[in-house]
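Enquirer: Got a structure for you, written out below as structure tokens; questions coming shortly.
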Amino acid sequence: AHSCHPNCVWYRSPNGRSQIIRTIQPIQKGDLMTISYLSCDMLIMPTFVRRLELNQAWNFQCFCSRCASAQGDDTRSFNCANASCKGYHLVQQLDLDDHPKMGSCTVCEEEISPSFQASLLIREEMVQENMNYVDRVLDSDLPVVDDITNMLRTLEPPSLTHGLALQIYATKSELLEQLNELATAIDMQRRWIDCRSHLLGEDYFDEQTGFALERLGDMMGKAGDEKGALKAYQKAVVAFQTYRGSSSSYAKCAMNKVASVQNSS
């Protein structure tokens with residue numbers, strides 16, 4: 001069965017003769033084993049986007065634990081209207097044609113005023129448009145001018161756990177590494193990892209998690225933090241092995257990096 005928060009993954013064996021199913025997070029006795037019909041990138045898209053993709057490609061409406069959550073869309077979280085509270089207001093919008101609305105805070109249960117809700121949704125749209133513009137420029141052959149760099153530096157997601165944070169942090173990390181601003185680039189990479197763990201769970205592992213951890217290790221090694229690099233590489237090994245087994249070429253590459261750091265220290 002499909003889930004947008006799967007506990008298993010399947011893939012073909014190297015010889016193509018069999019299919020292998022692996023658990024990618026803890027499963028209790030009696031739990032339903034689920035896989036995702038969506039790509040890793042699509043799993044962190046808004047609920048209405050995932051459901052539209054599943055309906056068009058597989059002809060069914062998803063009501064998994066994430067899509068049917070009474071609290072709302074975990075990829076569209078906004079800080080509580082009460083500044084002293086650490087909770088979130090989540091957007092409730094199952095389908096594209098549904099009017100988006102926000103539920104009460106996940107912690108203090110405070111309701112959000114219509115005017116404040118409208119201002120947050122407008123800001124979300126503006127951040128998305130600015131990020132799309134930055135991506136178009138970076139994906140083109142045009143040189144990255146100071147205006148784009150400055151725009152990206154000041155661009156902040158609606159919250160640290162909003163799905164847009166992943167897009168922003170990944171782009172900032174890549175660009176700042178190119179500018180040799182390693183400390184900030186490393187911080188952005190960590191934020192990306194933390195945000196994805198918040199959305200999919202700390203026990204959830206896939207190849208994207210492994211690639212992000214391996215890249216974090218590369219940057220930390222470049223910055224001279226061998227201890228941090230070793231820890232990141234070791235976590236990358238766990239992610240790759242969980243997702244594809246110890247024979248995975250990605251896992252072996254990360255293991256080689258672990259050995260390289262250990263031998264140099």
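In the structure tokens, chains take the letters A, B, ... in the order shown, each chain's residues start at 1, and ligands count up from 1 in the order shown.
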Check which residues of segment 191-255 of chain A sit at most 6 Å from segment 24-48 of chain A using only C-alpha atoms, and return one row each with the closest pair of atoms and their distance in Å to one decimal, ordered by chain and rising number, as JSON lines.
Expert:
{"residue": "A:Asp203", "atom": "CA", "partner": "A:Gln25", "partner_atom": "CA", "distance": 5.3}
{"residue": "A:Tyr204", "atom": "CA", "partner": "A:Gln25", "partner_atom": "CA", "distance": 5.2}
{"residue": "A:Phe205", "atom": "CA", "partner": "A:Ile24", "partner_atom": "CA", "distance": 5.7}
{"residue": "A:Thr242", "atom": "CA", "partner": "A:Ile24", "partner_atom": "CA", "distance": 5.8}
Enquirer: What would the file look like if the residues just selected were written as a short mmCIF file (atom, residue, chain, number, x, y, z; two decimals), in the first residue's frame with N, CA and C atoms?
Expert:
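Saved file part24.cif follows:
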data_model
loop_
_atom_site.label_atom_id
_atom_site.label_comp_id
_atom_site.auth_asym_id
_atom_site.auth_seq_id
_atom_site.Cartn_x
_atom_site.Cartn_y
_atom_site.Cartn_z
N ASP A 203 13.47 8.85 12.41
CA ASP A 203 13.78 7.46 12.11
C ASP A 203 13.64 7.14 10.62
N TYR A 204 13.28 8.14 9.83
CA TYR A 204 13.07 7.92 8.40
C TYR A 204 14.39 8.14 7.65
N PHE A 205 14.79 7.16 6.83
CA PHE A 205 16.03 7.26 6.07
C PHE A 205 15.75 6.98 4.60
N THR A 242 20.32 1.58 5.24
CA THR A 242 18.92 1.36 5.57
C THR A 242 18.08 1.32 4.30
#
Enquirer: Ile193 of chain A: which residues within 9 Å, counting only C-alpha atoms, same-chain residues fewer than 4 positions away excluded, as a PDB file with N, CA, C and O atoms, in the first residue's frame?
Expert:
ATOM      1  N   LEU A 166      13.147  23.829   2.875  1.00  0.00           N
ATOM      2  CA  LEU A 166      14.043  22.870   2.219  1.00  0.00           C
ATOM      3  C   LEU A 166      14.614  23.454   0.932  1.00  0.00           C
ATOM      4  O   LEU A 166      15.812  23.346   0.663  1.00  0.00           O
ATOM      5  N   MET A 188      23.255  26.091   6.763  1.00  0.00           N
ATOM      6  CA  MET A 188      22.094  25.897   5.896  1.00  0.00           C
ATOM      7  C   MET A 188      21.880  24.410   5.603  1.00  0.00           C
ATOM      8  O   MET A 188      20.743  23.934   5.556  1.00  0.00           O
ATOM      9  N   GLN A 189      22.968  23.668   5.412  1.00  0.00           N
ATOM     10  CA  GLN A 189      22.847  22.229   5.147  1.00  0.00           C
ATOM     11  C   GLN A 189      22.282  21.507   6.367  1.00  0.00           C
ATOM     12  O   GLN A 189      21.439  20.612   6.232  1.00  0.00           O
ATOM     13  N   SER A 197      13.964  15.946   8.567  1.00  0.00           N
ATOM     14  CA  SER A 197      13.723  15.006   9.659  1.00  0.00           C
ATOM     15  C   SER A 197      12.436  15.347  10.393  1.00  0.00           C
ATOM     16  O   SER A 197      11.696  14.457  10.825  1.00  0.00           O
ATOM     17  N   HIS A 198      12.162  16.652  10.530  1.00  0.00           N
ATOM     18  CA  HIS A 198      10.925  17.074  11.188  1.00  0.00           C
ATOM     19  C   HIS A 198       9.708  16.637  10.375  1.00  0.00           C
ATOM     20  O   HIS A 198       8.708  16.168  10.940  1.00  0.00           O
ATOM     21  N   THR A 209      18.466  11.758   2.193  1.00  0.00           N
ATOM     22  CA  THR A 209      19.050  12.014   3.502  1.00  0.00           C
ATOM     23  C   THR A 209      20.532  11.663   3.485  1.00  0.00           C
ATOM     24  O   THR A 209      21.368  12.410   4.000  1.00  0.00           O
ATOM     25  N   ALA A 212      22.549  14.259   1.532  1.00  0.00           N
ATOM     26  CA  ALA A 212      22.664  15.509   2.282  1.00  0.00           C
ATOM     27  C   ALA A 212      23.697  15.380   3.401  1.00  0.00           C
ATOM     28  O   ALA A 212      24.492  16.296   3.640  1.00  0.00           O
ATOM     29  N   LEU A 213      23.685  14.254   4.096  1.00  0.00           N
ATOM     30  CA  LEU A 213      24.650  14.022   5.171  1.00  0.00           C
ATOM     31  C   LEU A 213      26.069  13.899   4.619  1.00  0.00           C
ATOM     32  O   LEU A 213      27.026  14.414   5.212  1.00  0.00           O
TER      33      LEU A 213
END
Enquirer: Per residue of segment 153-264 of chain A within 12 Å of segment 54-67 of chain A, which atom pair is closest and at what distance in Å (one decimal), using only C-alpha atoms, listed by chain and increasing number, as JSON lines?
Expert:
{"residue": "A:Leu199", "atom": "CA", "partner": "A:Arg66", "partner_atom": "CA", "distance": 9.6}
{"residue": "A:Leu200", "atom": "CA", "partner": "A:Arg66", "partner_atom": "CA", "distance": 9.5}
{"residue": "A:Gly201", "atom": "CA", "partner": "A:Arg66", "partner_atom": "CA", "distance": 11.6}
Enquirer: Go through segment 40-244 of chain A and collect every residue that DSSP, computed from the backbone, puts in helix (DSSP H, G or I); the answer should be as number ranges by chain.
Expert: A: 42-44, 47-58, 114-139, 146-154, 163-178, 182-200, 207-222, 226-244
Enquirer: Could you pull out the strand (DSSP E or B) residues of segment 37-254 of chain A from DSSP and send them as a list in words?
Expert: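 So the strand (DSSP E or B) residues in segment 37-254 of chain A would be Asp73, Asp74, Thr75, Arg76, Ser77, Phe78, Asn79, Tyr88, His89, Leu90, Val91, Gln92, Lys101 and Met102 of chain A.
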Enquirer: Kindly export the residues of the current selection with all heavy atoms, as a compact mmCIF listing (two decimals), in the first residue's frame.
Expert:
# COMPACT_ATOMS: atom_id res chain seq x y z
N ASP A 73 -1.58 20.31 6.92
CA ASP A 73 -0.46 19.98 6.05
C ASP A 73 0.86 20.27 6.76
O ASP A 73 1.19 21.43 7.03
CB ASP A 73 -0.57 20.81 4.77
CG ASP A 73 0.43 20.40 3.71
OD1 ASP A 73 1.42 19.74 4.04
OD2 ASP A 73 0.22 20.78 2.54
N ASP A 74 1.64 19.23 7.05
CA ASP A 74 2.89 19.44 7.79
C ASP A 74 3.97 20.15 6.98
O ASP A 74 4.97 20.60 7.52
CB ASP A 74 3.43 18.10 8.33
CG ASP A 74 3.65 17.06 7.24
OD1 ASP A 74 3.57 17.40 6.04
OD2 ASP A 74 3.90 15.88 7.59
N THR A 75 3.78 20.28 5.66
CA THR A 75 4.75 21.01 4.84
C THR A 75 4.41 22.50 4.74
O THR A 75 5.15 23.26 4.13
CB THR A 75 4.83 20.44 3.41
OG1 THR A 75 3.64 20.78 2.69
CG2 THR A 75 5.01 18.93 3.42
N ARG A 76 3.28 22.90 5.33
CA ARG A 76 2.87 24.31 5.27
C ARG A 76 2.58 24.79 6.69
O ARG A 76 1.44 25.03 7.07
CB ARG A 76 1.65 24.49 4.36
CG ARG A 76 1.91 24.07 2.92
CD ARG A 76 0.67 24.18 2.08
NE ARG A 76 0.32 25.58 1.81
CZ ARG A 76 -0.84 25.95 1.25
NH1 ARG A 76 -1.75 25.05 0.92
NH2 ARG A 76 -1.09 27.23 1.04
N SER A 77 3.64 24.92 7.47
CA SER A 77 3.53 25.31 8.86
C SER A 77 3.94 26.76 9.05
O SER A 77 4.89 27.24 8.43
CB SER A 77 4.41 24.40 9.74
OG SER A 77 5.77 24.50 9.34
N PHE A 78 3.23 27.44 9.92
CA PHE A 78 3.50 28.85 10.22
C PHE A 78 3.59 29.01 11.74
O PHE A 78 2.82 28.41 12.48
CB PHE A 78 2.38 29.76 9.68
CG PHE A 78 2.27 29.73 8.18
CD1 PHE A 78 1.59 28.71 7.53
CD2 PHE A 78 2.84 30.73 7.41
CE1 PHE A 78 1.47 28.68 6.15
CE2 PHE A 78 2.74 30.72 6.03
CZ PHE A 78 2.06 29.69 5.40
N ASN A 79 4.54 29.83 12.18
CA ASN A 79 4.72 30.03 13.61
C ASN A 79 3.42 30.53 14.24
O ASN A 79 2.67 31.28 13.64
CB ASN A 79 5.83 31.05 13.87
CG ASN A 79 7.19 30.54 13.42
OD1 ASN A 79 7.45 29.33 13.45
ND2 ASN A 79 8.05 31.44 12.99
N TYR A 88 2.74 25.63 15.95
CA TYR A 88 2.53 26.03 14.56
C TYR A 88 1.05 26.02 14.20
O TYR A 88 0.27 25.25 14.77
CB TYR A 88 3.27 25.08 13.60
CG TYR A 88 4.76 25.01 13.79
CD1 TYR A 88 5.34 24.00 14.56
CD2 TYR A 88 5.59 25.95 13.19
CE1 TYR A 88 6.72 23.94 14.73
CE2 TYR A 88 6.96 25.90 13.36
CZ TYR A 88 7.52 24.88 14.13
OH TYR A 88 8.88 24.82 14.30
N HIS A 89 0.72 26.85 13.24
CA HIS A 89 -0.57 26.77 12.56
C HIS A 89 -0.32 26.06 11.24
O HIS A 89 0.57 26.45 10.47
CB HIS A 89 -1.14 28.16 12.29
CG HIS A 89 -1.45 28.95 13.53
ND1 HIS A 89 -2.54 28.70 14.32
CD2 HIS A 89 -0.79 29.98 14.11
CE1 HIS A 89 -2.56 29.54 15.33
NE2 HIS A 89 -1.50 30.33 15.24
N LEU A 90 -1.06 25.00 10.95
CA LEU A 90 -0.90 24.25 9.71
C LEU A 90 -2.05 24.54 8.76
O LEU A 90 -3.20 24.64 9.18
CB LEU A 90 -0.85 22.74 10.00
CG LEU A 90 0.24 22.25 10.96
CD1 LEU A 90 0.18 20.73 11.09
CD2 LEU A 90 1.62 22.69 10.50
N VAL A 91 -1.70 24.66 7.48
CA VAL A 91 -2.72 24.91 6.46
C VAL A 91 -3.51 23.63 6.21
O VAL A 91 -2.94 22.54 6.10
CB VAL A 91 -2.07 25.39 5.15
CG1 VAL A 91 -3.13 25.51 4.05
CG2 VAL A 91 -1.39 26.73 5.36
N GLN A 92 -4.81 23.77 6.13
CA GLN A 92 -5.68 22.65 5.79
C GLN A 92 -6.20 22.84 4.38
O GLN A 92 -7.02 23.73 4.12
CB GLN A 92 -6.84 22.56 6.80
CG GLN A 92 -6.38 22.31 8.23
CD GLN A 92 -7.49 22.46 9.25
OE1 GLN A 92 -8.53 23.03 8.97
NE2 GLN A 92 -7.26 21.95 10.46
N LYS A 101 -7.21 27.06 4.66
CA LYS A 101 -7.50 27.66 5.96
C LYS A 101 -6.53 27.07 6.97
O LYS A 101 -5.95 26.01 6.76
CB LYS A 101 -8.94 27.40 6.38
CG LYS A 101 -9.29 25.93 6.55
CD LYS A 101 -10.74 25.77 6.99
CE LYS A 101 -11.07 24.29 7.19
NZ LYS A 101 -12.48 24.09 7.64
N MET A 102 -6.33 27.78 8.06
CA MET A 102 -5.39 27.35 9.08
C MET A 102 -6.11 26.92 10.35
O MET A 102 -7.07 27.57 10.77
CB MET A 102 -4.39 28.46 9.41
CG MET A 102 -3.46 28.81 8.27
SD MET A 102 -2.21 30.01 8.78
CE MET A 102 -1.52 30.44 7.18
Enquirer: With a distance cut-off of 9 Å and only C-alpha atoms, select the neighbouring residues of Val107 of chain A, excluding the residue or stretch itself and same-chain residues fewer than 2 positions from it, and output the selection as a list in words.
Expert: Cys80, Cys85, Lys86, Gly87, Tyr88, Ser104, Cys105, Glu109 and Glu110 of chain A
Enquirer: Write a file of the selected residues as a PDB file, in the first residue's frame, keeping C-alpha atoms.
Expert:
ATOM      1  CA  CYS A  80       1.990  30.457  16.199  1.00  0.00           C
ATOM      2  CA  CYS A  85       4.532  29.820  21.859  1.00  0.00           C
ATOM      3  CA  LYS A  86       6.673  27.338  19.911  1.00  0.00           C
ATOM      4  CA  GLY A  87       3.731  25.722  18.149  1.00  0.00           C
ATOM      5  CA  TYR A  88       2.535  26.029  14.561  1.00  0.00           C
ATOM      6  CA  SER A 104      -5.529  26.253  15.768  1.00  0.00           C
ATOM      7  CA  CYS A 105      -1.975  26.151  17.129  1.00  0.00           C
ATOM      8  CA  GLU A 109      -4.510  25.657  20.534  1.00  0.00           C
ATOM      9  CA  GLU A 110      -4.962  29.393  19.985  1.00  0.00           C
TER      10      GLU A 110
END
Enquirer: Segment 117-133 of chain A: which residues within 9 Å, counting only C-alpha atoms, same-chain residues fewer than 5 positions away excluded, as a list in words?
Expert: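 In the requested format, the answer is Arg76, Phe78, Pro100, Lys101, Met102, Ile112, Leu138, Met151, Leu152, Leu155, Glu156, Pro157, Pro158, Leu164, Gln167 and Ile168 of chain A.
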Enquirer: Select, from A:Ala81, A:Val258, A:Cys8, A:Leu96, the residue with the minimum atom-to-atom distance to Ser115 of chain A, counting only C-alpha atoms.
Expert: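 Of A:Ala81, A:Val258, A:Cys8, A:Leu96, the one nearest Ser115 of chain A is A:Ala81, counting only C-alpha atoms.
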Enquirer: With a distance cut-off of 12 Å and only C-alpha atoms, select the neighbouring residues of Ala254 of chain A, excluding the residue or stretch itself and same-chain residues fewer than 5 positions from it, and output the selection as a ChimeraX atom specification.
Expert: /A:207,210-218,229-241,246-249,259-261
